[in-house]
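coords25.cif (mmCIF, C-alpha atoms)
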```
data_work
#
loop_
_atom_site.label_atom_id
_atom_site.label_comp_id
_atom_site.auth_asym_id
_atom_site.auth_seq_id
_atom_site.Cartn_x
_atom_site.Cartn_y
_atom_site.Cartn_z
CA MET Z 1 10.60 17.63 5.98
CA SER Z 2 7.55 16.52 4.09
CA LEU Z 3 6.39 13.19 2.76
CA ILE Z 4 6.98 14.36 -0.83
CA GLU Z 5 10.59 15.23 -0.05
CA ASP Z 6 11.02 11.87 1.66
CA LEU Z 7 9.56 10.01 -1.31
CA ASN Z 8 11.79 11.92 -3.71
CA TRP Z 9 14.81 11.07 -1.58
CA ARG Z 10 14.19 7.33 -1.57
CA HIS Z 11 14.73 4.71 -4.24
CA ALA Z 12 14.94 0.93 -4.28
CA VAL Z 13 18.54 0.50 -3.18
CA LYS Z 14 20.50 -2.08 -5.19
CA ALA Z 15 23.49 -2.53 -2.85
CA TYR Z 16 23.74 -2.26 0.93
CA ASP Z 17 26.70 -1.68 3.19
CA PRO Z 18 26.66 -4.83 5.34
CA ALA Z 19 28.57 -3.07 8.13
CA LYS Z 20 25.81 -0.54 8.82
CA LYS Z 21 22.89 -1.61 10.98
CA VAL Z 22 19.56 0.13 11.48
CA SER Z 23 19.15 1.19 15.11
CA GLU Z 24 16.51 -0.36 17.32
CA GLU Z 25 14.85 3.05 17.65
CA ASP Z 26 14.55 3.57 13.89
CA LEU Z 27 13.45 -0.02 13.34
CA ASN Z 28 10.68 0.42 15.90
CA LYS Z 29 9.38 3.54 14.16
CA ILE Z 30 9.30 1.73 10.83
CA LEU Z 31 7.35 -1.15 12.40
CA GLU Z 32 5.02 1.27 14.17
CA SER Z 33 4.10 2.91 10.87
CA ALA Z 34 3.26 -0.51 9.45
CA ARG Z 35 1.17 -1.25 12.52
CA LEU Z 36 -0.74 2.01 12.14
CA ALA Z 37 -1.61 1.24 8.50
CA PRO Z 38 -5.34 1.30 7.85
CA THR Z 39 -6.76 -2.02 6.65
CA SER Z 40 -10.08 -3.33 5.42
CA SER Z 41 -12.56 -3.38 8.33
CA GLY Z 42 -9.60 -2.67 10.62
CA LEU Z 43 -8.75 -6.37 10.70
CA GLN Z 44 -4.98 -5.96 10.15
CA PRO Z 45 -4.93 -9.39 8.48
CA PHE Z 46 -1.14 -9.72 8.36
CA ARG Z 47 1.98 -9.76 10.46
CA VAL Z 48 5.50 -8.44 9.94
CA ILE Z 49 8.34 -10.84 10.60
CA VAL Z 50 11.64 -9.18 11.39
CA VAL Z 51 14.70 -11.15 10.34
CA GLU Z 52 18.08 -9.91 11.49
CA ASN Z 53 19.80 -13.29 11.92
CA GLN Z 54 22.35 -13.74 9.15
CA GLU Z 55 21.96 -17.52 8.94
CA LEU Z 56 18.23 -17.19 8.38
CA LYS Z 57 18.85 -14.59 5.70
CA GLU Z 58 21.32 -16.91 3.98
CA LYS Z 59 18.59 -19.55 3.78
CA MET Z 60 15.96 -17.09 2.57
CA VAL Z 61 18.07 -15.89 -0.39
CA GLN Z 62 17.44 -19.24 -2.13
CA GLY Z 63 15.45 -18.30 -5.20
CA ALA Z 64 15.69 -14.54 -4.62
CA LEU Z 65 16.30 -12.27 -7.62
CA ASN Z 66 18.83 -10.12 -5.79
CA PRO Z 67 20.38 -12.39 -3.18
CA GLU Z 68 23.23 -9.99 -2.32
CA VAL Z 69 20.79 -7.17 -1.61
CA MET Z 70 18.94 -9.34 0.92
CA ARG Z 71 22.19 -10.68 2.37
CA ASP Z 72 23.81 -7.27 2.89
CA SER Z 73 20.73 -5.48 4.23
CA SER Z 74 20.51 -4.74 7.93
CA HIS Z 75 17.12 -6.38 8.44
CA VAL Z 76 14.57 -8.15 6.28
CA LEU Z 77 10.93 -7.40 7.02
CA VAL Z 78 8.58 -10.10 5.79
CA PHE Z 79 5.02 -8.95 5.14
CA ALA Z 80 2.95 -12.10 5.63
CA ALA Z 81 -0.82 -12.19 5.27
CA TRP Z 82 -3.45 -14.37 6.89
CA ASP Z 83 -4.07 -17.42 4.73
CA SER Z 84 -7.81 -17.01 5.41
CA TYR Z 85 -10.44 -15.11 7.38
CA SER Z 86 -12.47 -16.81 10.08
CA ASP Z 87 -15.21 -15.82 12.53
CA GLU Z 88 -12.75 -16.41 15.40
CA LYS Z 89 -10.14 -14.07 13.95
CA ILE Z 90 -12.73 -11.37 13.34
CA ASP Z 91 -14.14 -11.71 16.87
CA LYS Z 92 -10.66 -11.54 18.38
CA VAL Z 93 -9.93 -8.22 16.65
CA TYR Z 94 -13.28 -6.69 17.57
CA ASP Z 95 -13.13 -7.92 21.17
CA HIS Z 96 -9.83 -6.06 21.38
CA HIS Z 97 -11.45 -2.95 19.84
CA THR Z 98 -14.28 -2.91 22.34
CA ASP Z 99 -11.97 -3.68 25.29
CA VAL Z 100 -9.62 -0.79 24.42
CA ARG Z 101 -12.58 1.54 23.93
CA ASP Z 102 -14.32 0.47 27.13
CA LEU Z 103 -17.36 -0.66 25.24
CA PRO Z 104 -19.37 -3.84 25.78
CA ARG Z 105 -18.14 -6.77 23.70
CA GLY Z 106 -20.46 -7.26 20.76
CA ARG Z 107 -21.00 -3.51 20.35
CA PHE Z 108 -20.06 -3.88 16.66
CA SER Z 109 -21.79 -7.22 16.10
CA SER Z 110 -24.16 -5.99 13.42
CA TYR Z 111 -21.09 -4.99 11.45
CA THR Z 112 -19.02 -8.08 12.22
CA ASP Z 113 -21.98 -10.32 11.36
CA LYS Z 114 -22.01 -8.71 7.92
CA ILE Z 115 -18.31 -9.24 7.27
CA LYS Z 116 -18.44 -12.80 8.62
CA GLU Z 117 -21.25 -13.51 6.18
CA MET Z 118 -19.30 -11.97 3.31
CA TYR Z 119 -16.08 -13.87 4.01
CA GLY Z 120 -18.03 -17.03 4.86
CA ALA Z 121 -19.20 -17.12 1.25
CA GLN Z 122 -15.64 -16.86 -0.11
CA THR Z 123 -12.86 -19.40 -0.63
CA PRO Z 124 -9.51 -19.26 1.22
CA GLU Z 125 -7.94 -18.21 -2.12
CA GLU Z 126 -10.27 -15.22 -2.28
CA HIS Z 127 -9.45 -14.43 1.34
CA PHE Z 128 -5.71 -14.47 0.69
CA ALA Z 129 -6.06 -12.32 -2.44
CA HIS Z 130 -7.70 -9.76 -0.16
CA THR Z 131 -5.40 -10.03 2.86
CA ALA Z 132 -2.34 -9.85 0.59
CA ARG Z 133 -3.57 -6.55 -0.89
CA GLN Z 134 -3.80 -5.01 2.57
CA THR Z 135 -0.12 -5.67 3.26
CA TYR Z 136 0.88 -3.23 0.53
CA ILE Z 137 -0.59 -0.29 2.45
CA ALA Z 138 1.71 -1.13 5.36
CA LEU Z 139 4.63 -1.79 3.01
CA GLY Z 140 4.21 1.71 1.55
CA LEU Z 141 3.98 3.37 4.95
CA ALA Z 142 7.03 1.45 6.23
CA MET Z 143 9.03 2.74 3.24
CA ALA Z 144 7.80 6.29 3.86
CA GLN Z 145 8.77 6.06 7.53
CA ALA Z 146 12.21 4.68 6.69
CA ALA Z 147 12.72 7.52 4.20
CA GLU Z 148 11.75 10.08 6.85
CA LEU Z 149 14.56 8.62 8.97
CA ARG Z 150 16.89 8.44 5.93
CA VAL Z 151 17.00 4.68 6.22
CA ASP Z 152 17.21 2.95 2.84
CA THR Z 153 14.75 0.34 1.66
CA THR Z 154 14.22 -2.11 -1.17
CA PRO Z 155 10.77 -3.67 -1.57
CA ALA Z 156 10.91 -7.12 -3.13
CA GLU Z 157 8.46 -9.56 -4.62
CA GLY Z 158 11.24 -11.44 -6.40
CA PHE Z 159 11.86 -14.26 -3.97
CA SER Z 160 10.59 -17.77 -3.39
CA ASN Z 161 7.45 -17.64 -1.28
CA GLU Z 162 7.71 -21.38 -0.69
CA VAL Z 163 11.26 -21.09 0.63
CA VAL Z 164 10.48 -18.16 2.91
CA ASP Z 165 7.25 -19.69 4.23
CA GLU Z 166 9.03 -22.97 4.94
CA ILE Z 167 12.13 -21.47 6.58
CA LEU Z 168 10.13 -19.15 8.82
CA GLY Z 169 7.44 -21.73 9.57
CA LEU Z 170 4.69 -19.37 8.46
CA GLY Z 171 2.19 -22.13 7.61
CA LYS Z 172 1.83 -23.06 11.28
CA LEU Z 173 1.04 -19.42 12.03
CA GLY Z 174 -1.69 -19.28 9.38
CA LEU Z 175 0.42 -16.84 7.36
CA LYS Z 176 1.79 -16.69 3.82
CA SER Z 177 4.59 -14.36 2.71
CA VAL Z 178 3.62 -11.61 0.28
CA SER Z 179 6.56 -9.24 0.00
CA LEU Z 180 9.90 -8.49 1.62
CA LEU Z 181 11.33 -5.14 2.60
CA TYR Z 182 15.09 -4.95 2.90
CA ILE Z 183 16.23 -2.09 5.10
CA GLY Z 184 19.69 -0.71 5.79
CA TYR Z 185 22.15 1.80 4.41
CA ARG Z 186 23.18 2.02 0.78
CA ASP Z 187 26.66 1.24 -0.46
CA GLU Z 188 27.05 4.36 -2.63
CA ASN Z 189 29.78 2.87 -4.77
CA ASN Z 190 27.85 -0.20 -5.75
CA ASP Z 191 24.28 1.04 -5.78
CA TRP Z 192 24.02 1.96 -9.47
CA LEU Z 193 20.53 3.38 -9.01
CA SER Z 194 21.78 6.01 -6.53
CA HIS Z 195 23.28 7.96 -9.39
CA MET Z 196 20.26 7.92 -11.65
CA LYS Z 197 17.42 10.38 -11.82
CA LYS Z 198 14.14 9.28 -10.28
CA VAL Z 199 11.59 8.59 -12.99
CA ARG Z 200 7.84 8.55 -12.78
CA ILE Z 201 5.26 8.92 -15.52
CA PRO Z 202 4.12 12.54 -15.93
CA MET Z 203 1.26 13.74 -13.77
CA GLU Z 204 -0.93 14.47 -16.80
CA GLU Z 205 -0.76 10.78 -17.74
CA PHE Z 206 -1.05 9.43 -14.23
CA ILE Z 207 -4.13 11.43 -13.30
CA ILE Z 208 -7.41 11.41 -15.14
CA LYS Z 209 -9.81 14.16 -14.10
CA MET Z 210 -13.50 13.54 -14.65
CA MET V 1 5.34 16.69 12.30
CA SER V 2 6.19 13.07 11.69
CA LEU V 3 4.52 10.29 9.78
CA ILE V 4 3.64 8.51 13.02
CA GLU V 5 1.86 11.60 14.36
CA ASP V 6 0.04 11.97 11.05
CA LEU V 7 -1.06 8.32 11.08
CA ASN V 8 -2.24 8.64 14.65
CA TRP V 9 -4.22 11.74 13.73
CA ARG V 10 -6.09 10.12 10.85
CA HIS V 11 -8.98 7.69 10.84
CA ALA V 12 -11.48 6.51 8.26
CA VAL V 13 -13.95 9.38 8.46
CA LYS V 14 -17.60 8.31 8.52
CA ALA V 15 -19.23 11.67 7.74
CA TYR V 16 -18.00 14.60 5.67
CA ASP V 17 -19.01 18.22 5.64
CA PRO V 18 -20.23 18.69 2.06
CA ALA V 19 -19.59 22.44 2.22
CA LYS V 20 -15.82 22.08 2.66
CA LYS V 21 -13.69 21.45 -0.40
CA VAL V 22 -10.08 20.33 -0.57
CA SER V 23 -7.93 23.01 -2.22
CA GLU V 24 -6.27 22.42 -5.57
CA GLU V 25 -2.87 22.76 -3.89
CA ASP V 26 -3.58 20.07 -1.29
CA LEU V 27 -5.20 17.80 -3.86
CA ASN V 28 -2.11 18.05 -6.04
CA LYS V 29 0.17 17.05 -3.18
CA ILE V 30 -1.99 14.03 -2.42
CA LEU V 31 -1.87 12.99 -6.07
CA GLU V 32 1.87 13.61 -6.24
CA SER V 33 2.46 11.24 -3.31
CA ALA V 34 0.48 8.56 -5.13
CA ARG V 35 2.51 9.20 -8.28
CA LEU V 36 5.78 8.84 -6.35
CA ALA V 37 4.73 5.46 -4.92
CA PRO V 38 7.20 2.70 -5.70
CA THR V 39 5.76 -0.12 -7.79
CA SER V 40 6.92 -3.49 -9.05
CA SER V 41 9.62 -2.97 -11.73
CA GLY V 42 8.71 0.73 -11.67
CA LEU V 43 5.83 0.08 -14.05
CA GLN V 44 3.22 2.16 -12.18
CA PRO V 45 0.51 -0.13 -13.56
CA PHE V 46 -2.43 1.99 -12.47
CA ARG V 47 -4.01 5.40 -12.76
CA VAL V 48 -5.86 7.65 -10.35
CA ILE V 49 -9.15 9.09 -11.53
CA VAL V 50 -10.23 12.26 -9.75
CA VAL V 51 -13.97 12.74 -9.48
CA GLU V 52 -15.25 16.06 -8.20
CA ASN V 53 -18.39 16.29 -10.30
CA GLN V 54 -21.43 15.76 -8.07
CA GLU V 55 -23.55 14.10 -10.75
CA LEU V 56 -20.87 11.51 -11.40
CA LYS V 57 -20.59 10.86 -7.67
CA GLU V 58 -24.36 10.39 -7.45
CA LYS V 59 -24.10 7.68 -10.08
CA MET V 60 -21.10 6.00 -8.46
CA VAL V 61 -22.85 5.61 -5.07
CA GLN V 62 -25.05 2.88 -6.58
CA GLY V 63 -24.04 -0.24 -4.67
CA ALA V 64 -21.70 1.58 -2.28
CA LEU V 65 -21.72 0.59 1.38
CA ASN V 66 -21.59 4.16 2.63
CA PRO V 67 -23.23 6.23 -0.10
CA GLU V 68 -23.50 9.38 2.01
CA VAL V 69 -19.77 9.33 2.77
CA MET V 70 -18.96 9.27 -0.95
CA ARG V 71 -21.65 11.84 -1.72
CA ASP V 72 -20.50 14.37 0.90
CA SER V 73 -16.76 14.02 0.33
CA SER V 74 -14.93 16.76 -1.52
CA HIS V 75 -13.36 14.47 -4.12
CA VAL V 76 -13.36 10.76 -4.87
CA LEU V 77 -10.05 9.29 -6.00
CA VAL V 78 -10.47 6.06 -7.93
CA PHE V 79 -7.43 3.77 -7.88
CA ALA V 80 -7.74 1.80 -11.11
CA ALA V 81 -5.20 -0.82 -12.20
CA TRP V 82 -4.16 -2.02 -15.65
CA ASP V 83 -6.33 -4.95 -16.67
CA SER V 84 -3.17 -6.65 -18.02
CA TYR V 85 0.51 -6.24 -18.78
CA SER V 86 1.81 -6.15 -22.35
CA ASP V 87 5.18 -5.77 -24.06
CA GLU V 88 4.03 -2.41 -25.44
CA LYS V 89 3.12 -1.04 -22.03
CA ILE V 90 6.44 -2.17 -20.57
CA ASP V 91 8.40 -0.64 -23.46
CA LYS V 92 6.53 2.63 -23.15
CA VAL V 93 7.48 2.95 -19.47
CA TYR V 94 11.13 2.05 -20.05
CA ASP V 95 11.45 4.31 -23.11
CA HIS V 96 10.32 7.10 -20.84
CA HIS V 97 12.90 6.04 -18.20
CA THR V 98 15.78 6.09 -20.66
CA ASP V 99 14.61 9.36 -22.27
CA VAL V 100 14.43 11.15 -18.91
CA ARG V 101 17.83 9.76 -17.92
CA ASP V 102 19.46 10.62 -21.25
CA LEU V 103 20.30 6.99 -21.88
CA PRO V 104 19.92 5.08 -25.13
CA ARG V 105 16.56 3.37 -25.51
CA GLY V 106 16.95 -0.32 -24.82
CA ARG V 107 19.51 0.30 -22.06
CA PHE V 108 17.38 -1.86 -19.73
CA SER V 109 16.37 -4.44 -22.34
CA SER V 110 17.93 -7.43 -20.58
CA TYR V 111 15.71 -6.58 -17.62
CA THR V 112 12.59 -5.77 -19.61
CA ASP V 113 13.02 -8.97 -21.64
CA LYS V 114 12.89 -10.89 -18.38
CA ILE V 115 9.73 -9.22 -17.13
CA LYS V 116 8.07 -9.55 -20.55
CA GLU V 117 8.80 -13.26 -20.46
CA MET V 118 7.43 -13.57 -16.94
CA TYR V 119 4.19 -11.71 -17.66
CA GLY V 120 3.92 -13.36 -21.08
CA ALA V 121 3.49 -16.70 -19.29
CA GLN V 122 0.67 -15.37 -17.10
CA THR V 123 -3.05 -14.87 -17.66
CA PRO V 124 -4.74 -11.43 -17.59
CA GLU V 125 -6.31 -12.51 -14.27
CA GLU V 126 -2.85 -13.04 -12.80
CA HIS V 127 -1.76 -9.70 -14.21
CA PHE V 128 -4.65 -7.87 -12.61
CA ALA V 129 -4.10 -9.60 -9.26
CA HIS V 130 -0.60 -8.12 -9.38
CA THR V 131 -1.40 -4.65 -10.70
CA ALA V 132 -4.22 -4.33 -8.15
CA ARG V 133 -1.80 -5.03 -5.29
CA GLN V 134 0.46 -2.19 -6.42
CA THR V 135 -2.35 0.35 -6.11
CA TYR V 136 -2.45 -0.16 -2.34
CA ILE V 137 1.06 1.28 -1.92
CA ALA V 138 -0.14 4.48 -3.57
CA LEU V 139 -3.40 4.41 -1.61
CA GLY V 140 -1.41 4.27 1.64
CA LEU V 141 0.88 7.11 0.64
CA ALA V 142 -2.04 9.26 -0.52
CA MET V 143 -3.67 8.79 2.91
CA ALA V 144 -0.39 9.67 4.65
CA GLN V 145 -0.01 12.79 2.53
CA ALA V 146 -3.58 13.86 3.19
CA ALA V 147 -3.02 13.36 6.93
CA GLU V 148 0.13 15.50 6.80
CA LEU V 149 -2.09 18.26 5.36
CA ARG V 150 -4.86 17.49 7.88
CA VAL V 151 -7.17 16.50 5.08
CA ASP V 152 -9.49 13.66 6.02
CA THR V 153 -9.76 10.42 4.08
CA THR V 154 -11.83 7.27 3.91
CA PRO V 155 -10.49 4.32 1.93
CA ALA V 156 -13.23 2.16 0.49
CA GLU V 157 -13.47 -1.24 -1.13
CA GLY V 158 -17.20 -1.42 -0.42
CA PHE V 159 -18.58 -0.24 -3.76
CA SER V 160 -19.67 -1.79 -7.02
CA ASN V 161 -16.65 -2.18 -9.29
CA GLU V 162 -18.97 -2.84 -12.21
CA VAL V 163 -20.89 0.38 -11.67
CA VAL V 164 -17.76 2.51 -11.25
CA ASP V 165 -15.96 0.94 -14.23
CA GLU V 166 -19.02 1.45 -16.39
CA ILE V 167 -19.76 5.02 -15.33
CA LEU V 168 -16.16 6.16 -15.74
CA GLY V 169 -15.60 4.17 -18.94
CA LEU V 170 -12.54 2.47 -17.47
CA GLY V 171 -12.75 -0.60 -19.72
CA LYS V 172 -11.89 1.46 -22.79
CA LEU V 173 -8.80 2.73 -20.95
CA GLY V 174 -7.64 -0.80 -20.07
CA LEU V 175 -8.29 -0.12 -16.40
CA LYS V 176 -10.35 -1.74 -13.64
CA SER V 177 -11.26 -0.02 -10.39
CA VAL V 178 -9.68 -1.42 -7.23
CA SER V 179 -10.40 0.99 -4.40
CA LEU V 180 -11.77 4.45 -3.76
CA LEU V 181 -10.40 7.14 -1.52
CA TYR V 182 -12.86 9.75 -0.33
CA ILE V 183 -11.18 12.98 0.71
CA GLY V 184 -12.55 16.07 2.40
CA TYR V 185 -13.21 17.45 5.85
CA ARG V 186 -15.01 15.60 8.59
CA ASP V 187 -18.38 16.59 9.96
CA GLU V 188 -17.44 16.33 13.67
CA ASN V 189 -21.02 15.99 14.84
CA ASN V 190 -21.87 13.08 12.62
CA ASP V 191 -18.57 11.25 12.34
CA TRP V 192 -19.02 8.77 15.21
CA LEU V 193 -15.50 7.43 14.78
CA SER V 194 -13.94 10.85 15.52
CA HIS V 195 -14.73 10.40 19.16
CA MET V 196 -13.38 6.89 19.55
CA LYS V 197 -9.88 5.84 20.49
CA LYS V 198 -7.72 4.53 17.65
CA VAL V 199 -7.22 0.78 18.00
CA ARG V 200 -4.50 -1.40 16.58
CA ILE V 201 -3.35 -4.83 17.71
CA PRO V 202 -0.45 -4.59 20.16
CA MET V 203 3.06 -4.41 18.73
CA GLU V 204 4.05 -7.68 20.43
CA GLU V 205 1.34 -9.48 18.46
CA PHE V 206 1.86 -7.63 15.21
CA ILE V 207 5.62 -8.21 15.03
CA ILE V 208 7.35 -11.57 15.07
CA LYS V 209 11.09 -11.38 15.60
CA MET V 210 13.17 -14.25 14.26
#
```

Kindly present the structure from the file in structure tokens form.
Amino acid sequence: MSLIEDLNWRHAVKAYDPAKKVSEEDLNKILESARLAPTSSGLQPFRVIVVENQELKEKMVQGALNPEVMRDSSHVLVFAAWDSYSDEKIDKVYDHHTDVRDLPRGRFSSYTDKIKEMYGAQTPEEHFAHTARQTYIALGLAMAQAAELRVDTTPAEGFSNEVVDEILGLGKLGLKSVSLLYIGYRDENNDWLSHMKKVRIPMEEFIIKM
Amino acid sequence: MSLIEDLNWRHAVKAYDPAKKVSEEDLNKILESARLAPTSSGLQPFRVIVVENQELKEKMVQGALNPEVMRDSSHVLVFAAWDSYSDEKIDKVYDHHTDVRDLPRGRFSSYTDKIKEMYGAQTPEEHFAHTARQTYIALGLAMAQAAELRVDTTPAEGFSNEVVDEILGLGKLGLKSVSLLYIGYRDENNDWLSHMKKVRIPMEEFIIKM
């Protein structure tokens, strides 16, 4: 199997079979791919919240575009980004880097000083615009990993961020929801998109060679 | 090979061997993975500009954090997002969808009317914040595809958007640069990161189960 085959196999599923659950083993691989996603300066400025509890899902559907898709999925992954950068957060990540690599703490301080200065000159809104972008790398890799395992996914931005943040208590964690990823197994009979051809714009339009 | 092995293999290469070029076949697979990336409403609101020309690269390094990495890479992929949404752009994508699927044009008009209304109420700045996010899904998949082929990559936000937009004439195309992806083959002797352990925050910190 190759990534291209996996990507051609997948589509944003429009109806899940609520009786089919994603195994712990597959779920862990999907989360691991998200964890391995590269991010700006290696800061991994987001977390993934895994929601399997049906009652929580029922609350989160408030304001969602496709409530039944969320409801019938096996798990909902919430990609939630740091609401801001701070010197402490940056130090914590780099202290971990040096510890794992058996290097003296501060080994990367000329670099971290630079990024602290850069983010120090920005507003929390600018920080979140940046941290939110990073989550999409992990979202893409999680979908690719699920496809490799033939687990279905539906990425979603059509939900109420306020509702999800409130229900999951993300504010206290310094996080804000960015996107959701529903995972599970398609209900072939009700997933209208299953029976349609995958469409992308032609390569000659998508790519510009210079 | 699996995606997780590929992601563990890769890192953001810090020095390329300028003598080694990525083959046309591998380049095309990397671009195809980016083209297959899922995007909000399937609009694919971005393009990938492929820069191989050394003179162009020399101009683009102006203001880049790691000019020698860009300079010595085999190709630079520029992920450039639509500067705004418009009814015409949305119709063009959905006309293509219906044509490819042998459906009457307008088959998805109740949906496209909704997204036109939503974007119609937003500013171009809000549009670009959204189109820019989508590019990161494709950036992630392009890196995964390169890794599958054992082609090295370095994602980069540390460059001058103004310089790149100007040199490539992106404004005229309704595009704005978001990130760069350098691709090529590492120079083992000079890529200091090659010899360091990959570090990510532990799974128990990265994931929050609810």

task = Measure the distance from atom CA of Ser109 of chain Z to atom CA of Ala81 of chain Z in Å and round it to one decimal.
result = 24.1 Å

Non-local contacts of Trp192 of chain V (10 Å; only C-alpha atoms; under 6 positions in same chain excluded) as a ChimeraX atom specification = /V:13-15

inquiry  = Neighbouring residues of segment 136-143 of chain V were defined as those with any atom within 6 Å, considering all atoms listed in the file; residues of the same chain fewer than 2 positions away were excluded. Please report them as a list of chain:residue names.
reply    = Z:Tyr136, Z:Ile137, Z:Gly140, V:Ile30, V:Ser33, V:Ala34, V:Ala37, V:Arg133, V:Gln134, V:Gln145, V:Ala146

Nearby residues, (-21.2, -12.0, 19.9) file frame, 12 Å, only C-alpha atoms, as JSON, numbers by chain = {"Z": [87, 88, 90, 91, 92, 94, 95, 98, 104, 105, 106, 107, 108, 109, 110, 111, 112, 113, 116]}

Contact residues around Phe159 of chain V with all atoms listed in the file at 8 Å, ignoring same-chain residues under 3 positions, as a list in words =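 Contacts, in chain order: Val61, Gln62, Gly63, Ala64, Leu65 and Ala156 of chain V.
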
Test item: the PyMOL selection byres ((chain V) within 8 of (chain Z)) resolved as an MDAnalysis selection string = chainID V and resid 2:4 7:8 11 29 31:33 35:38 40 42 44 46:53 93 96:97 100:101 129 132:134 136:141 144:145 148 157 168 196:197 199:201 203 206:210

How would the residues just chosen look if you wrote them out with C-alpha atoms as a tab-separated table (two decimals), in the frame of the given file?
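Output below, filename out.tsv:
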```tsv
chain	number	residue	atom	x	y	z
V	2	SER	CA	6.19	13.07	11.69
V	3	LEU	CA	4.52	10.29	9.78
V	4	ILE	CA	3.64	8.51	13.02
V	7	LEU	CA	-1.06	8.32	11.08
V	8	ASN	CA	-2.24	8.64	14.65
V	11	HIS	CA	-8.98	7.69	10.84
V	29	LYS	CA	0.17	17.05	-3.18
V	31	LEU	CA	-1.87	12.99	-6.07
V	32	GLU	CA	1.87	13.61	-6.24
V	33	SER	CA	2.46	11.24	-3.31
V	35	ARG	CA	2.51	9.20	-8.28
V	36	LEU	CA	5.78	8.84	-6.35
V	37	ALA	CA	4.73	5.46	-4.92
V	38	PRO	CA	7.20	2.70	-5.70
V	40	SER	CA	6.92	-3.49	-9.05
V	42	GLY	CA	8.71	0.73	-11.67
V	44	GLN	CA	3.22	2.16	-12.18
V	46	PHE	CA	-2.43	1.99	-12.47
V	47	ARG	CA	-4.01	5.40	-12.76
V	48	VAL	CA	-5.86	7.65	-10.35
V	49	ILE	CA	-9.15	9.09	-11.53
V	50	VAL	CA	-10.23	12.26	-9.75
V	51	VAL	CA	-13.97	12.74	-9.48
V	52	GLU	CA	-15.25	16.06	-8.20
V	53	ASN	CA	-18.39	16.29	-10.30
V	93	VAL	CA	7.48	2.95	-19.47
V	96	HIS	CA	10.32	7.10	-20.84
V	97	HIS	CA	12.90	6.04	-18.20
V	100	VAL	CA	14.43	11.15	-18.91
V	101	ARG	CA	17.83	9.76	-17.92
V	129	ALA	CA	-4.10	-9.60	-9.26
V	132	ALA	CA	-4.22	-4.33	-8.15
V	133	ARG	CA	-1.80	-5.03	-5.29
V	134	GLN	CA	0.46	-2.19	-6.42
V	136	TYR	CA	-2.45	-0.16	-2.34
V	137	ILE	CA	1.06	1.28	-1.92
V	138	ALA	CA	-0.14	4.48	-3.57
V	139	LEU	CA	-3.40	4.41	-1.61
V	140	GLY	CA	-1.41	4.27	1.64
V	141	LEU	CA	0.88	7.11	0.64
V	144	ALA	CA	-0.39	9.67	4.65
V	145	GLN	CA	-0.01	12.79	2.53
V	148	GLU	CA	0.13	15.50	6.80
V	157	GLU	CA	-13.47	-1.24	-1.13
V	168	LEU	CA	-16.16	6.16	-15.74
V	196	MET	CA	-13.38	6.89	19.55
V	197	LYS	CA	-9.88	5.84	20.49
V	199	VAL	CA	-7.22	0.78	18.00
V	200	ARG	CA	-4.50	-1.40	16.58
V	201	ILE	CA	-3.35	-4.83	17.71
V	203	MET	CA	3.06	-4.41	18.73
V	206	PHE	CA	1.86	-7.63	15.21
V	207	ILE	CA	5.62	-8.21	15.03
V	208	ILE	CA	7.35	-11.57	15.07
V	209	LYS	CA	11.09	-11.38	15.60
V	210	MET	CA	13.17	-14.25	14.26
```

message = If the PyMOL selection byres ((chain Z and resi 161) around 9) were run on this exact file, what residues would it hold? Put them as a PyMOL selection string.
response = chain Z and resi 63+157-160+162-166+176-179
